[in-house]
Amino acid sequence: MRVRIGYQPSITALFVAVVLAVGLSLVFLSFERARAITRSAALSFIDRVADQTTDRVDGQFKDVLDILAVLRQLKPVETGAVQDNPELTAILAALLRQHEQLYNLYVGYADGALVELDLIDRAGPGLRAQLKPPAGAVFRLTVIDTPKDGGPRRRFTSYLSSGLEILSQEEREADYDPRVRPWYQDAFKPDAGAVTEPYVFDIANLIGYTVRAPFTRGRGGIAAGDILLNDAEAFLRSQKLGQSGVVFLFDDSGTVVAHPRMSEFLSTQGANAPLDLPPLDRMLNVDISRPLDAWQRGGSPQQIFDDAHGRTYVAAFRPIKSSGSSGLRLAVVAPLDEFFAEIEESRQNLVLLALGFVLASLPVIGGIGLLLSRSMKALAAETDRIQRFDTNGPARDVRSIIREIDDLGRSVSTMRTVVRTFAAFVPKRLVQQLVATGDALRLGGSRRVVTILFTDIAGFTHITEKADPEQVMLQTSRYLAALSAVIMEHGGTVDKFVGDAVMAIWNAPADDPDHVANACAAALACREANRALNEEFEKEGWPAYRTRYGLHTGEAVVGTIGSADRMAYTVLGAAVNLAARLEPLNKDYGTEILVSDAVREHVADRFAFRMVDTIQPKGFEAKVRVYELCGALEERAEARLEDGQG
């Protein structure tokens, strides 16, 4: 027995089902979108921190290299005239004052000589306590040189005030040879980097890098400066990434060389213990080997990964390019849930709010269903009479306070009048057959269903009649290239260019089961590409190209035409002609993309359309409904969700 449900309860149930489906879908989409936004925001922030920190570290090395490039070209440095040279001392002091990352500047020569200027307090209070300089001492100047009489090398130490006045001096036999220090020993090798690996400085047992620049003129040697790790440690500590996020430096061997807690780690090794920098697993609470390996194998510098306990982390990696052979790398790691805890909480509140809205809307939907049922029942009865061509009785106009239903009632009334008039001249059986089946256009040759797109630039002749021809060709080529790229990305084939116009087809020569949807997506994407290109044109002072589009799908003759010495692959037929007719109609209706009813019927569930008119194109017997392609339904739903209209 056939089960039938009354119109009123069925329309009410339908609306309830639709609202529930849409509401729950929006809840799911909002949940997934918030999750995606959270991840994207986390990656964006981590990436920004990584870039800023990398630029800071890179900038330190580059600034020092620039200083050294100047220093090694000074005549006193090149000739080795380092004793009793107040001008050189003043230059070194000025450079140290301008660049806070430097602890000192010095030059070591191939014969063992040295000139060095230290800013005492930049190494911390421990150095001043160790040196015990006179009160007011700001700089320490050290000069090691060989006397002119050929005696043993001597070391001259002077403590200078901020104004470079000598506060005290001492002289003794040299006990330091720069040529045996790590920063000097391999500096002249072909593959030597400008930045050394981290090591312990002799003075105050401090750890840092030496940035160096060798030179061969004069006595020959190396101009260098020291950067202490405690400065980098303080800077890394200042990068706030929640409670557990961390920024650190490591080298190619996986050894941590700078970390917010590096001093704490090194203090446990003892004052006289050799430098033993920690591996990554000693300084981190999470294993980053997997994302690090992915990056080192050419993957993205931003990574999202889970630890062994299922906690999600975000990470960013950067090379320190100016570090040279020392192979410094920077990493930023932070847990996603901790870093964006407020966003996660807001996301949960959003889900609860959306569910509450769906439940609250159910009574409203039930009332709307009751309101619609009366008018919809009357419309159903009237359209049933029209379908049976029962048009001789009295007219039953359907009116409603809802505009769309009222418009539909007027349309049904008009359709009843048209059918009644048409039926007075044409037998009803023939009318029924035409409505039910329609006529298909039959052409010779190889036939297949294709989708055809025609485009043209509005007012192109007016734009170009006074413009430079060469510039017209260049700009129009950019335009055609942009549209062609979009068409090919969406599976289409550019059939030909006719001046500024484009003809493209889908489902030929290759099969494309979804060719109608792909063509619609291409037309929308072409419009966006055209808008982006127009923004560039406006900046360049070139007129904007306003493009019109015509789109139709249907059977056409597909193949190669021409002669033996010149052939072309193209499509011919009524479907092509109709697509060509649609494009110029945009001018009459003030639209951009006009499509036929055939297009709309194929993809009405995936794209939004607006009814424009019913036309009879030139050369066609049948009238065609013309629609404006407005956009993809999914994109429009997302736009409403972002605008808070969901």
# chains A, B, ... in the order shown; residues from 1 in each chain; ligands from 1
call {"tool": "residues_around", "arguments": {"residues": "Ala532 in chain A", "least_positions_apart": "4", "cutoff": "12 Å", "atoms": "only C-alpha atoms", "output": "list in words"}}
result
Arg478, Tyr479, Ala482, Leu483, Ala525, Cys526, Arg527, Glu528, Glu536, Phe537, Glu538, Lys539, Ala544, Tyr545 and Arg546 of chain A
call {"tool": "atom_distance", "arguments": {"atom1": "CA of Val449 in chain A", "atom2": "CA of Leu572 in chain A"}}
result
11.6 Å
call {"tool": "residues_around", "arguments": {"residues": "range 460-471 of chain A", "least_positions_apart": "5", "cutoff": "10 Å", "atoms": "only C-alpha atoms", "output": "list in words"}}
result
Thr476, Ser477, Gly499, Asp500, Ala501, Trp542, Pro543, Ala544, Tyr545, Arg546 and Thr547 of chain A
call {"tool": "residues_around", "arguments": {"residues": "Pro134 in chain A", "least_positions_apart": "5", "cutoff": "9 Å", "atoms": "only C-alpha atoms", "output": "list in words"}}
result
Tyr159, Leu167 and Ser168 of chain A
call {"tool": "write_last_selection", "arguments": {"atoms": "C-alpha atoms", "output": "tab-separated table (two decimals), in the first residue's frame"}}
result
chain	number	residue	atom	x	y	z
A	159	TYR	CA	93.09	50.35	30.83
A	167	LEU	CA	94.39	55.03	33.50
A	168	SER	CA	97.07	52.37	33.94
call {"tool": "residues_around", "arguments": {"residues": "range 114-120 of chain A", "least_positions_apart": "4", "cutoff": "6 Å", "atoms": "only C-alpha atoms", "output": "tab-separated table (two decimals) with N, CA and C atoms, in the first residue's frame"}}
result
chain	number	residue	atom	x	y	z
A	103	TYR	N	81.62	42.14	21.94
A	103	TYR	CA	82.35	42.29	23.21
A	103	TYR	C	83.70	42.95	22.97
A	104	ASN	N	84.34	42.65	21.82
A	104	ASN	CA	85.64	43.23	21.53
A	104	ASN	C	85.90	43.21	20.03
A	105	LEU	N	86.97	43.88	19.61
A	105	LEU	CA	87.49	43.85	18.25
A	105	LEU	C	89.00	43.67	18.33
A	106	TYR	N	89.56	42.88	17.41
A	106	TYR	CA	91.01	42.64	17.48
A	106	TYR	C	91.53	42.20	16.12
A	107	VAL	N	92.87	42.29	15.99
A	107	VAL	CA	93.56	41.85	14.78
A	107	VAL	C	94.72	40.98	15.22
A	108	GLY	N	94.76	39.73	14.68
A	108	GLY	CA	95.88	38.84	14.93
A	108	GLY	C	96.71	38.70	13.67
A	138	VAL	N	86.89	51.65	31.28
A	138	VAL	CA	85.82	51.17	30.39
A	138	VAL	C	86.37	50.20	29.36
A	139	PHE	N	87.57	50.47	28.86
A	139	PHE	CA	88.17	49.65	27.82
A	139	PHE	C	89.47	49.02	28.34
A	140	ARG	N	89.80	47.86	27.76
A	140	ARG	CA	91.12	47.28	27.97
A	140	ARG	C	91.77	47.11	26.61
A	141	LEU	N	92.93	47.73	26.44
A	141	LEU	CA	93.69	47.66	25.19
A	141	LEU	C	94.87	46.73	25.39
A	142	THR	N	94.96	45.71	24.53
A	142	THR	CA	96.06	44.75	24.59
A	142	THR	C	96.80	44.79	23.27
A	143	VAL	N	98.14	44.93	23.36
A	143	VAL	CA	99.00	44.92	22.18
A	143	VAL	C	100.11	43.91	22.42
A	144	ILE	N	100.25	42.95	21.50
A	144	ILE	CA	101.36	41.99	21.55
A	144	ILE	C	102.18	42.19	20.29
call {"tool": "residues_around", "arguments": {"residues": "Asp605 in chain A", "least_positions_apart": "6", "cutoff": "10 Å", "atoms": "only C-alpha atoms", "output": "PyMOL selection string"}}
result
chain A and resi 632-634
call {"tool": "residues_around", "arguments": {"residues": "range 42-51 of chain A", "least_positions_apart": "6", "cutoff": "10 Å", "atoms": "only C-alpha atoms", "output": "PyMOL selection string"}}
result
chain A and resi 36+57+239-241+245+247-248+301-304+313-318+330-337+339-340
call {"tool": "write_last_selection", "arguments": {"atoms": "C-alpha atoms", "output": "PDB file, in the first residue's frame"}}
result
ATOM      1  CA  ALA A  36      42.169  25.310  10.516  1.00  0.00           C
ATOM      2  CA  VAL A  57      70.986  36.731  14.580  1.00  0.00           C
ATOM      3  CA  GLN A 239      60.571  35.682  22.773  1.00  0.00           C
ATOM      4  CA  LYS A 240      57.282  34.839  24.521  1.00  0.00           C
ATOM      5  CA  LEU A 241      55.658  31.655  23.226  1.00  0.00           C
ATOM      6  CA  GLY A 245      57.378  27.489  23.759  1.00  0.00           C
ATOM      7  CA  VAL A 247      63.417  29.551  20.536  1.00  0.00           C
ATOM      8  CA  PHE A 248      66.947  28.142  20.267  1.00  0.00           C
ATOM      9  CA  PRO A 301      60.142  25.157   7.144  1.00  0.00           C
ATOM     10  CA  GLN A 302      56.858  25.198   9.104  1.00  0.00           C
ATOM     11  CA  GLN A 303      55.758  21.886  10.591  1.00  0.00           C
ATOM     12  CA  ILE A 304      52.845  20.609  12.696  1.00  0.00           C
ATOM     13  CA  TYR A 313      53.139  21.134  18.393  1.00  0.00           C
ATOM     14  CA  VAL A 314      54.017  23.761  15.801  1.00  0.00           C
ATOM     15  CA  ALA A 315      57.606  24.331  14.747  1.00  0.00           C
ATOM     16  CA  ALA A 316      59.550  26.570  12.375  1.00  0.00           C
ATOM     17  CA  PHE A 317      63.151  26.154  11.239  1.00  0.00           C
ATOM     18  CA  ARG A 318      65.532  28.622   9.603  1.00  0.00           C
ATOM     19  CA  LEU A 330      67.302  28.351  14.396  1.00  0.00           C
ATOM     20  CA  ALA A 331      64.210  26.528  15.659  1.00  0.00           C
ATOM     21  CA  VAL A 332      60.956  27.749  17.211  1.00  0.00           C
ATOM     22  CA  VAL A 333      58.788  25.106  18.932  1.00  0.00           C
ATOM     23  CA  ALA A 334      55.513  25.643  20.834  1.00  0.00           C
ATOM     24  CA  PRO A 335      52.557  23.425  21.845  1.00  0.00           C
ATOM     25  CA  LEU A 336      49.431  24.326  19.900  1.00  0.00           C
ATOM     26  CA  ASP A 337      46.923  23.830  22.718  1.00  0.00           C
ATOM     27  CA  PHE A 339      49.804  28.663  22.733  1.00  0.00           C
ATOM     28  CA  PHE A 340      46.204  29.166  21.554  1.00  0.00           C
TER      29      PHE A 340
END
call {"tool": "select_by_dssp", "arguments": {"residues": "range 440-612 of chain A", "states": "strand (DSSP E)", "output": "ChimeraX atom specification"}}
result
/A:447-457,493-498,501-506,547-562,567-572,593-596,607-612
call {"tool": "select_by_dssp", "arguments": {"residues": "range 508-646 of chain A", "states": "helix (DSSP H, G or I)", "output": "ChimeraX atom specification"}}
result
/A:515-539,574-589,597-603,633-642
